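Scroll down for the structure; my scribbles are underneath it.
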Amino acid sequence: MTDLSPVDDPVAGRFFEAVKAGKLAVQRCDSCEALRWPPLPGCPECRSRATTWVEVAPSGTIWSFVVYHRAFQSALAAQIPYTVAMIQLDDGPYMIGRLTRDGNPPVVGARTHAEFVDVDGVPAVHWKIV
Amino acid sequence: MSTVRNPVAGRVAIVGVGHTVQGELPGQSVEEIAVDAAVLAMADAGLDASDLDGLIACKSVQGGGNDVAVGQLLGVNLPYVQSLDYGTCNFSLHLAVMAVMSGMAETILLTYGANARTGKFDFGKPMYGADMASAAGLVHIAGRAGLALQRHKAIYGTTDEQFGMLAVGQRLWAQKNPGAIFQKPLTMEDYLAEPYMVEPLRRSDVTMISDGGVAVVVTTAERAKDMPHQPVYVSGISEYAGVRGEHNPENLMRPWLRDSASAIWASTGLRPADVDALYIQDPTALWSLQMLEYYGFCGIGEGGPFLAERHTFPGGDLPLNTHGGQLSDSYTWGWMHVVEAIRQLRGDAGERQLDSPKIGMYCSSHGFVKAAASVLSTDSSVGR
């Protein structure tokens, strides 16, 4: 567990294991099959606890984004300015993630693709505008 | 059995308000600060601690300030005591109304104290531990507020200049308030020249952090008649909670604010045009934009053009946060909004006094999860 990333959390940790393997994964309820994000120990749609992590398509659309010009945590200081977006995954759920800025300026509605990276030993998803 | 549309209307009144200096109170605990405010609120109501039979202590954002900690310094044992772990005063006020109407207590003190400024509270640290948002660097309330504003700009065409009318307008009000912390003029040119902090938010769109305490005394309408000041009655209350709290548009755009809004308009029989003075708790200016729309002061998506018409400025027909709000007056998680509403309704607001306001409204939320609103009036029949 880092101060910002729940890599060792008993529930959320499974996401980071998938990221290490180059996959984007979310929970799917075994009972009602709802996909859910962020990770939870039970299904908020049907209250079932039976859950399977499933791979989802690593692509989606920018719902919105912000650009941090100030670091509110020292661990983020070296990354300023950085961009965070909420992505609507093509498979349904919304996911908050870092947006890579190496080309087109971000715009609401832009198409993005997930890249799986290692930031100082912590697995992370970075979204890239395609 | 007949149904009463609005059983709270005019039954409970705010009879005392008090607050410490808002600014820097180094070396003081949140409980000391809260009780300093409580002494002033009780004096304002012409009461002392032995006249109380209830205490509702709002915990400070950084911890502390709960009922047993405040109770030690207040020095009284009471029939009804409770703590709330969320602020804004609305939730405390609503619980007090319920406690009075249930008969558990007649006269209740509400307290809040903060030392987040000199205590250097870390507002960028994930409040409930690392999660999937902080893992992406989405920290501090400005992050989520910025996401919501960026979306509002994209789908409704809201401009920086329209949104900036909130920060600029709040500063104009604050310049009429000797107690406000930020008094330096802020023109639209000054605002637009500010660099982004969390784009699309600038520094002036986000609350200052200050130390300070606020306390409020409420009692029954019957007892209120014997108090020194014009009672300000609670005419209506509403809440709605988006506690699912997922990372999705419902969390950020907060359409459920409309559920709190429709509840209070339905129960009181009032409409937005009836409000003489509006108070919106504003940790970021986005709160005001969203609540102006969802409470029906303008149409959904029409907040930008509405703000540009200066309705909320001094002299406008919808005075908003006449003390300067969290952007220019002080932090206090919205509690000073209630103090100011009471001052305006009593006619004690000095240079910024409105022309005989009768109905005030206070809208707030606890982060992106819980909404609350109260209608306050000098007329006990309002809302019936």
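We name chains A, B, ... following the order of the structure tokens; residues begin at 1 in each chain, and ligands are numbered from 1 as shown.
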Could you give me the residues within region 217-313 of chain B that DSSP places in helix (DSSP H, G or I), as JSON, numbers by chain? {"B": [221, 222, 223, 224, 249, 250, 251, 252, 253, 257, 258, 259, 260, 261, 262, 263, 264, 265, 266, 267, 268, 272, 273, 274, 285, 286, 287, 288, 289, 290, 291, 292, 293, 294, 303, 304, 305, 306, 307, 308]}
Produce a file of the selected residues containing C-alpha atoms, as a PDB file, in the first residue's frame.
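Output below, filename out-v2.pdb:
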ATOM      1  CA  ALA B 221     -41.183  28.792  18.901  1.00  0.00           C
ATOM      2  CA  GLU B 222     -42.946  29.329  22.250  1.00  0.00           C
ATOM      3  CA  ARG B 223     -39.732  29.919  24.218  1.00  0.00           C
ATOM      4  CA  ALA B 224     -38.268  31.975  21.390  1.00  0.00           C
ATOM      5  CA  PRO B 249     -21.545  11.214 -13.485  1.00  0.00           C
ATOM      6  CA  GLU B 250     -24.149  10.806 -10.735  1.00  0.00           C
ATOM      7  CA  ASN B 251     -21.427  11.333  -8.150  1.00  0.00           C
ATOM      8  CA  LEU B 252     -19.960  14.406  -9.849  1.00  0.00           C
ATOM      9  CA  MET B 253     -22.981  16.159 -11.391  1.00  0.00           C
ATOM     10  CA  LEU B 257     -29.507  17.639  -5.375  1.00  0.00           C
ATOM     11  CA  ARG B 258     -32.774  18.038  -7.251  1.00  0.00           C
ATOM     12  CA  ASP B 259     -34.391  15.550  -4.868  1.00  0.00           C
ATOM     13  CA  SER B 260     -33.480  17.708  -1.877  1.00  0.00           C
ATOM     14  CA  ALA B 261     -34.742  20.740  -3.807  1.00  0.00           C
ATOM     15  CA  SER B 262     -38.085  19.261  -4.795  1.00  0.00           C
ATOM     16  CA  ALA B 263     -38.643  18.071  -1.223  1.00  0.00           C
ATOM     17  CA  ILE B 264     -38.181  21.520   0.304  1.00  0.00           C
ATOM     18  CA  TRP B 265     -40.242  23.344  -2.314  1.00  0.00           C
ATOM     19  CA  ALA B 266     -43.033  20.777  -1.979  1.00  0.00           C
ATOM     20  CA  SER B 267     -43.114  20.839   1.820  1.00  0.00           C
ATOM     21  CA  THR B 268     -42.908  24.615   2.226  1.00  0.00           C
ATOM     22  CA  PRO B 272     -37.231  30.073  -5.685  1.00  0.00           C
ATOM     23  CA  ALA B 273     -38.571  33.594  -6.357  1.00  0.00           C
ATOM     24  CA  ASP B 274     -39.733  33.765  -2.729  1.00  0.00           C
ATOM     25  CA  ALA B 285     -17.649  27.787  -6.559  1.00  0.00           C
ATOM     26  CA  LEU B 286     -18.944  24.695  -8.361  1.00  0.00           C
ATOM     27  CA  TRP B 287     -21.270  24.114  -5.389  1.00  0.00           C
ATOM     28  CA  SER B 288     -23.001  27.432  -6.115  1.00  0.00           C
ATOM     29  CA  LEU B 289     -23.247  26.716  -9.849  1.00  0.00           C
ATOM     30  CA  GLN B 290     -24.804  23.297  -9.276  1.00  0.00           C
ATOM     31  CA  MET B 291     -27.143  24.377  -6.491  1.00  0.00           C
ATOM     32  CA  LEU B 292     -28.384  27.489  -8.307  1.00  0.00           C
ATOM     33  CA  GLU B 293     -29.448  25.117 -11.068  1.00  0.00           C
ATOM     34  CA  TYR B 294     -30.765  22.166  -9.096  1.00  0.00           C
ATOM     35  CA  GLY B 303     -26.013  28.760 -14.586  1.00  0.00           C
ATOM     36  CA  GLY B 304     -23.364  30.450 -16.713  1.00  0.00           C
ATOM     37  CA  PRO B 305     -25.594  32.991 -18.471  1.00  0.00           C
ATOM     38  CA  PHE B 306     -27.563  33.465 -15.218  1.00  0.00           C
ATOM     39  CA  LEU B 307     -24.394  34.388 -13.304  1.00  0.00           C
ATOM     40  CA  ALA B 308     -23.326  36.748 -16.090  1.00  0.00           C
TER      41      ALA B 308
END
Chain B contacts on chain A, only C-alpha atoms, 6 Å, as a ChimeraX atom specification: /A:3-6,64-70,72-73,94,96-98
For the atom pair CA of Gly63 (chain B) and CA of Gly75 (chain B), what is the interatomic distance in Å to one decimal place?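 Separating CA of Gly63 (chain B) from CA of Gly75 (chain B) is a distance of 21.0 Å.
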Rounded to one decimal place, report the CA of Asp276 (chain B)-CA of Ser380 (chain B) distance in Å.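 Separating CA of Asp276 (chain B) from CA of Ser380 (chain B) is a distance of 15.9 Å.
Residue nearest Ser59 (chain A) within the list A:Val119, A:Leu99, A:Ile129, A:Ala114: A:Ala114 [criterion: smallest interatomic distance, only C-alpha atoms].
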Exercise: Glu351 (chain B) partners within 12 Å, only C-alpha atoms, chain neighbours under 6 positions left out, as an MDAnalysis selection string: chainID B and resid 173:178 314 322:323 343:344
Pick from A:Asn104, A:Thr61, A:Ser31, A:Thr52, whichever lies nearest to Ala85 (chain A) using only C-alpha atoms: A:Thr61
Neighbour list for Ala167 (chain B) as a list in words, cut-off 10 Å, only C-alpha atoms, skip fewer than 2 positions in-chain: Phe163, Gly164, Met165, Gly169, Gln170, Arg171, Leu172, Leu186, Thr187, Met188, Tyr191, Arg202, Arg203, Ser204, Asp205, Val206, Thr207, Thr284, Ala285, Gly324, Gly325, Gln326, Leu327 and Ser328 of chain B
Any chance you can output those residues with N, CA and C atoms as a PDB file, in the first residue's frame?
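Output file selection05.pdb is given in full below:
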ATOM      1  N   PHE B 163     -18.364  31.601 -15.045  1.00  0.00           N
ATOM      2  CA  PHE B 163     -18.115  30.916 -13.769  1.00  0.00           C
ATOM      3  C   PHE B 163     -17.405  31.846 -12.789  1.00  0.00           C
ATOM      4  N   GLY B 164     -16.507  32.673 -13.313  1.00  0.00           N
ATOM      5  CA  GLY B 164     -15.744  33.603 -12.473  1.00  0.00           C
ATOM      6  C   GLY B 164     -16.611  34.655 -11.803  1.00  0.00           C
ATOM      7  N   MET B 165     -17.842  34.828 -12.271  1.00  0.00           N
ATOM      8  CA  MET B 165     -18.742  35.785 -11.636  1.00  0.00           C
ATOM      9  C   MET B 165     -19.009  35.390 -10.188  1.00  0.00           C
ATOM     10  N   GLY B 169     -18.115  38.059  -7.545  1.00  0.00           N
ATOM     11  CA  GLY B 169     -19.286  38.527  -6.785  1.00  0.00           C
ATOM     12  C   GLY B 169     -19.117  38.323  -5.291  1.00  0.00           C
ATOM     13  N   GLN B 170     -18.545  37.193  -4.914  1.00  0.00           N
ATOM     14  CA  GLN B 170     -18.329  36.926  -3.487  1.00  0.00           C
ATOM     15  C   GLN B 170     -17.363  37.946  -2.887  1.00  0.00           C
ATOM     16  N   ARG B 171     -16.351  38.356  -3.668  1.00  0.00           N
ATOM     17  CA  ARG B 171     -15.421  39.358  -3.154  1.00  0.00           C
ATOM     18  C   ARG B 171     -16.101  40.713  -2.981  1.00  0.00           C
ATOM     19  N   LEU B 172     -17.020  41.041  -3.890  1.00  0.00           N
ATOM     20  CA  LEU B 172     -17.750  42.309  -3.747  1.00  0.00           C
ATOM     21  C   LEU B 172     -18.559  42.318  -2.446  1.00  0.00           C
ATOM     22  N   LEU B 186     -11.120  42.081  -6.364  1.00  0.00           N
ATOM     23  CA  LEU B 186     -10.889  41.023  -7.348  1.00  0.00           C
ATOM     24  C   LEU B 186     -11.765  41.337  -8.554  1.00  0.00           C
ATOM     25  N   THR B 187     -11.166  41.913  -9.582  1.00  0.00           N
ATOM     26  CA  THR B 187     -11.935  42.217 -10.793  1.00  0.00           C
ATOM     27  C   THR B 187     -11.965  40.972 -11.678  1.00  0.00           C
ATOM     28  N   MET B 188     -12.816  40.994 -12.678  1.00  0.00           N
ATOM     29  CA  MET B 188     -12.849  39.878 -13.623  1.00  0.00           C
ATOM     30  C   MET B 188     -11.499  39.752 -14.334  1.00  0.00           C
ATOM     31  N   TYR B 191      -9.256  37.992 -12.020  1.00  0.00           N
ATOM     32  CA  TYR B 191      -9.644  36.580 -11.942  1.00  0.00           C
ATOM     33  C   TYR B 191      -9.122  35.810 -13.147  1.00  0.00           C
ATOM     34  N   ARG B 202      -9.480  27.939 -10.680  1.00  0.00           N
ATOM     35  CA  ARG B 202      -8.402  28.819 -10.231  1.00  0.00           C
ATOM     36  C   ARG B 202      -8.416  28.892  -8.694  1.00  0.00           C
ATOM     37  N   ARG B 203      -7.386  29.498  -8.144  1.00  0.00           N
ATOM     38  CA  ARG B 203      -7.312  29.627  -6.695  1.00  0.00           C
ATOM     39  C   ARG B 203      -8.567  30.287  -6.125  1.00  0.00           C
ATOM     40  N   SER B 204      -9.058  31.318  -6.783  1.00  0.00           N
ATOM     41  CA  SER B 204     -10.201  32.075  -6.239  1.00  0.00           C
ATOM     42  C   SER B 204     -11.526  31.324  -6.332  1.00  0.00           C
ATOM     43  N   ASP B 205     -11.531  30.172  -6.998  1.00  0.00           N
ATOM     44  CA  ASP B 205     -12.738  29.349  -7.082  1.00  0.00           C
ATOM     45  C   ASP B 205     -12.840  28.364  -5.921  1.00  0.00           C
ATOM     46  N   VAL B 206     -11.819  28.338  -5.078  1.00  0.00           N
ATOM     47  CA  VAL B 206     -11.724  27.315  -4.030  1.00  0.00           C
ATOM     48  C   VAL B 206     -11.640  28.006  -2.673  1.00  0.00           C
ATOM     49  N   THR B 207     -12.258  27.398  -1.667  1.00  0.00           N
ATOM     50  CA  THR B 207     -12.291  27.988  -0.324  1.00  0.00           C
ATOM     51  C   THR B 207     -10.902  28.290   0.221  1.00  0.00           C
ATOM     52  N   THR B 284     -16.008  24.934  -3.095  1.00  0.00           N
ATOM     53  CA  THR B 284     -15.577  25.472  -4.386  1.00  0.00           C
ATOM     54  C   THR B 284     -16.797  26.158  -4.988  1.00  0.00           C
ATOM     55  N   ALA B 285     -16.547  27.057  -5.936  1.00  0.00           N
ATOM     56  CA  ALA B 285     -17.649  27.787  -6.559  1.00  0.00           C
ATOM     57  C   ALA B 285     -18.569  26.855  -7.340  1.00  0.00           C
ATOM     58  N   GLY B 324     -19.734  36.890   1.870  1.00  0.00           N
ATOM     59  CA  GLY B 324     -18.556  36.551   1.069  1.00  0.00           C
ATOM     60  C   GLY B 324     -18.310  35.058   0.954  1.00  0.00           C
ATOM     61  N   GLY B 325     -19.057  34.269   1.713  1.00  0.00           N
ATOM     62  CA  GLY B 325     -18.960  32.812   1.584  1.00  0.00           C
ATOM     63  C   GLY B 325     -17.587  32.255   1.903  1.00  0.00           C
ATOM     64  N   GLN B 326     -17.393  31.011   1.532  1.00  0.00           N
ATOM     65  CA  GLN B 326     -16.103  30.375   1.810  1.00  0.00           C
ATOM     66  C   GLN B 326     -15.007  30.876   0.873  1.00  0.00           C
ATOM     67  N   LEU B 327     -15.396  31.499  -0.233  1.00  0.00           N
ATOM     68  CA  LEU B 327     -14.385  32.000  -1.154  1.00  0.00           C
ATOM     69  C   LEU B 327     -13.737  33.274  -0.626  1.00  0.00           C
ATOM     70  N   SER B 328     -14.503  34.095   0.125  1.00  0.00           N
ATOM     71  CA  SER B 328     -13.940  35.381   0.562  1.00  0.00           C
ATOM     72  C   SER B 328     -14.107  35.690   2.052  1.00  0.00           C
TER      73      SER B 328
END
Tell me, as a PyMOL selection string, which residues lie within 9 Å of Gly119 (chain B), counting only C-alpha atoms; anything in the same chain fewer than 6 positions away does not count. chain B and resi 26-27+62+211
When you look at Val30 (chain B) with a cut-off of 8 Å (counting only C-alpha atoms), what residues show up, excluding the ones that are within fewer than 4 positions of it in the same chain? I need them as a PDB file with N, CA and C atoms, in the first residue's frame.
ATOM      1  N   ALA B  34     -14.694  25.919  19.718  1.00  0.00           N
ATOM      2  CA  ALA B  34     -16.149  25.712  19.669  1.00  0.00           C
ATOM      3  C   ALA B  34     -16.823  26.303  20.902  1.00  0.00           C
ATOM      4  N   SER B  60     -14.981  18.373  13.906  1.00  0.00           N
ATOM      5  CA  SER B  60     -14.185  19.157  12.986  1.00  0.00           C
ATOM      6  C   SER B  60     -13.707  18.286  11.834  1.00  0.00           C
ATOM      7  N   GLY B  64     -11.803  15.585  16.207  1.00  0.00           N
ATOM      8  CA  GLY B  64     -12.037  16.357  17.427  1.00  0.00           C
ATOM      9  C   GLY B  64     -13.342  17.122  17.335  1.00  0.00           C
ATOM     10  N   GLY B  65     -13.734  17.702  18.459  1.00  0.00           N
ATOM     11  CA  GLY B  65     -14.949  18.517  18.475  1.00  0.00           C
ATOM     12  C   GLY B  65     -16.213  17.724  18.696  1.00  0.00           C
ATOM     13  N   TYR B 112     -19.430  24.111  16.434  1.00  0.00           N
ATOM     14  CA  TYR B 112     -18.414  23.701  15.464  1.00  0.00           C
ATOM     15  C   TYR B 112     -17.155  24.522  15.701  1.00  0.00           C
ATOM     16  N   GLY B 113     -16.017  23.860  15.692  1.00  0.00           N
ATOM     17  CA  GLY B 113     -14.731  24.561  15.801  1.00  0.00           C
ATOM     18  C   GLY B 113     -13.735  23.969  14.827  1.00  0.00           C
ATOM     19  N   ALA B 114     -12.907  24.809  14.248  1.00  0.00           N
ATOM     20  CA  ALA B 114     -11.893  24.326  13.294  1.00  0.00           C
ATOM     21  C   ALA B 114     -10.569  25.013  13.562  1.00  0.00           C
ATOM     22  N   ASN B 115      -9.491  24.252  13.476  1.00  0.00           N
ATOM     23  CA  ASN B 115      -8.152  24.857  13.499  1.00  0.00           C
ATOM     24  C   ASN B 115      -7.320  24.332  12.336  1.00  0.00           C
ATOM     25  N   GLY B 213     -14.565  29.264  15.142  1.00  0.00           N
ATOM     26  CA  GLY B 213     -15.671  28.517  15.706  1.00  0.00           C
ATOM     27  C   GLY B 213     -16.979  29.254  15.493  1.00  0.00           C
TER      28      GLY B 213
END
Can you pull out the residues contacting region 35-48 of chain B? Cut-off 6 Å, using only C-alpha atoms, and skip same-chain residues under 5 positions away; I want them as a PyMOL selection string. chain B and resi 15-20+213-216
Okay, now the selection with C-alpha atoms, as a PDB file, in the first residue's frame?
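Written file, out23.pdb:
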ATOM      1  CA  VAL B  15     -32.447  32.438  18.940  1.00  0.00           C
ATOM      2  CA  GLY B  16     -28.698  32.811  19.317  1.00  0.00           C
ATOM      3  CA  VAL B  17     -25.616  32.859  17.129  1.00  0.00           C
ATOM      4  CA  GLY B  18     -21.994  33.378  18.072  1.00  0.00           C
ATOM      5  CA  HIS B  19     -18.619  33.042  16.457  1.00  0.00           C
ATOM      6  CA  THR B  20     -14.967  33.564  17.216  1.00  0.00           C
ATOM      7  CA  GLY B 213     -15.671  28.517  15.706  1.00  0.00           C
ATOM      8  CA  VAL B 214     -19.409  29.030  15.316  1.00  0.00           C
ATOM      9  CA  ALA B 215     -22.295  28.137  17.618  1.00  0.00           C
ATOM     10  CA  VAL B 216     -26.050  28.398  17.258  1.00  0.00           C
TER      11      VAL B 216
END
Mind giving me the straight-line distance from CA of Val100 (chain B) to CA of Gly212 (chain B) in Å, one decimal? 27.0 Å
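Closest to Val375 (chain B) among B:Ser356, B:Gln72, B:Asn90, B:Thr118 is B:Asn90, based on only C-alpha atoms.
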Give me, as a ChimeraX atom specification, the residues of region 6-99 of chain A that a backbone DSSP run labels strand (DSSP E or B). /A:25-29,35-36,51-55,59-68,82-89,94-99
Write a file of the just-selected residues containing N, CA and C atoms, as a CSV table (one decimal), in the first residue's frame.
chain,number,residue,atom,x,y,z
A,25,ALA,N,-9.1,-4.8,-15.6
A,25,ALA,CA,-10.1,-5.8,-15.0
A,25,ALA,C,-11.0,-5.0,-14.1
A,26,VAL,N,-12.3,-5.4,-14.0
A,26,VAL,CA,-13.2,-4.9,-13.0
A,26,VAL,C,-14.0,-6.1,-12.4
A,27,GLN,N,-14.7,-5.8,-11.4
A,27,GLN,CA,-15.5,-6.9,-10.7
A,27,GLN,C,-16.8,-7.1,-11.5
A,28,ARG,N,-17.2,-8.4,-11.6
A,28,ARG,CA,-18.6,-8.7,-12.1
A,28,ARG,C,-19.3,-9.5,-11.1
A,29,CYS,N,-20.5,-9.1,-10.8
A,29,CYS,CA,-21.3,-9.9,-9.8
A,29,CYS,C,-21.7,-11.2,-10.3
A,35,LEU,N,-21.4,-5.2,-13.8
A,35,LEU,CA,-20.0,-4.8,-13.7
A,35,LEU,C,-19.9,-3.6,-12.7
A,36,ARG,N,-18.9,-3.6,-11.8
A,36,ARG,CA,-18.9,-2.5,-10.9
A,36,ARG,C,-17.5,-1.9,-10.8
A,51,THR,N,-18.3,-12.7,-6.4
A,51,THR,CA,-17.7,-11.8,-7.4
A,51,THR,C,-16.6,-12.5,-8.2
A,52,THR,N,-16.5,-12.1,-9.4
A,52,THR,CA,-15.4,-12.6,-10.2
A,52,THR,C,-14.8,-11.4,-10.9
A,53,TRP,N,-13.5,-11.3,-10.9
A,53,TRP,CA,-12.8,-10.3,-11.7
A,53,TRP,C,-12.8,-10.7,-13.2
A,54,VAL,N,-13.2,-9.8,-14.0
A,54,VAL,CA,-13.2,-10.1,-15.5
A,54,VAL,C,-12.4,-9.0,-16.2
A,55,GLU,N,-11.8,-9.4,-17.3
A,55,GLU,CA,-11.1,-8.5,-18.2
A,55,GLU,C,-12.1,-7.7,-19.0
A,59,SER,N,-10.4,0.4,-23.5
A,59,SER,CA,-10.7,1.6,-24.3
A,59,SER,C,-11.9,2.3,-23.8
A,60,GLY,N,-12.0,3.6,-24.1
A,60,GLY,CA,-13.1,4.3,-23.6
A,60,GLY,C,-13.1,5.8,-24.1
A,61,THR,N,-14.0,6.6,-23.5
A,61,THR,CA,-14.2,8.0,-24.0
A,61,THR,C,-14.0,8.9,-22.8
A,62,ILE,N,-13.4,10.0,-23.0
A,62,ILE,CA,-13.2,11.0,-21.9
A,62,ILE,C,-14.5,11.6,-21.6
A,63,TRP,N,-15.0,11.4,-20.3
A,63,TRP,CA,-16.2,12.1,-19.9
A,63,TRP,C,-15.9,13.5,-19.4
A,64,SER,N,-14.7,13.6,-18.7
A,64,SER,CA,-14.2,14.9,-18.2
A,64,SER,C,-12.8,14.8,-17.8
A,65,PHE,N,-12.1,15.9,-17.6
A,65,PHE,CA,-10.7,15.8,-17.2
A,65,PHE,C,-10.3,17.1,-16.4
A,66,VAL,N,-9.3,17.0,-15.6
A,66,VAL,CA,-8.7,18.2,-14.9
A,66,VAL,C,-7.2,18.1,-15.1
A,67,VAL,N,-6.6,19.3,-15.0
A,67,VAL,CA,-5.1,19.4,-15.0
A,67,VAL,C,-4.6,20.0,-13.7
A,68,TYR,N,-3.9,19.2,-13.0
A,68,TYR,CA,-3.3,19.6,-11.7
A,68,TYR,C,-2.1,20.5,-12.0
A,82,TYR,N,-0.1,17.4,-14.2
A,82,TYR,CA,-0.5,16.1,-14.7
A,82,TYR,C,-2.1,16.2,-14.9
A,83,THR,N,-2.5,15.3,-15.7
A,83,THR,CA,-3.9,15.3,-16.1
A,83,THR,C,-4.7,14.1,-15.6
A,84,VAL,N,-5.8,14.2,-15.0
A,84,VAL,CA,-6.6,13.1,-14.6
A,84,VAL,C,-8.0,13.2,-15.3
A,85,ALA,N,-8.4,12.1,-15.8
A,85,ALA,CA,-9.7,12.0,-16.6
A,85,ALA,C,-10.6,11.0,-16.0
A,86,MET,N,-11.9,11.2,-16.2
A,86,MET,CA,-12.8,10.1,-15.9
A,86,MET,C,-13.2,9.6,-17.3
A,87,ILE,N,-13.0,8.3,-17.5
A,87,ILE,CA,-13.2,7.6,-18.7
A,87,ILE,C,-14.4,6.8,-18.7
A,88,GLN,N,-15.3,6.9,-19.6
A,88,GLN,CA,-16.4,5.9,-19.7
A,88,GLN,C,-15.9,4.8,-20.6
A,89,LEU,N,-15.7,3.6,-19.9
A,89,LEU,CA,-15.2,2.4,-20.6
A,89,LEU,C,-16.2,2.0,-21.7
A,94,TYR,N,-17.4,3.7,-15.4
A,94,TYR,CA,-16.5,4.8,-15.5
A,94,TYR,C,-15.3,4.6,-14.6
A,95,MET,N,-14.2,5.0,-15.1
A,95,MET,CA,-12.9,4.8,-14.4
A,95,MET,C,-12.1,6.1,-14.3
A,96,ILE,N,-11.7,6.5,-13.1
A,96,ILE,CA,-10.8,7.6,-13.0
A,96,ILE,C,-9.4,7.2,-13.2
A,97,GLY,N,-8.6,7.9,-14.1
A,97,GLY,CA,-7.3,7.5,-14.4
A,97,GLY,C,-6.4,8.6,-14.9
A,98,ARG,N,-5.2,8.4,-14.9
A,98,ARG,CA,-4.2,9.4,-15.4
A,98,ARG,C,-4.2,9.4,-16.9
A,99,LEU,N,-4.2,10.6,-17.5
A,99,LEU,CA,-4.2,10.8,-18.9
A,99,LEU,C,-2.8,11.2,-19.4
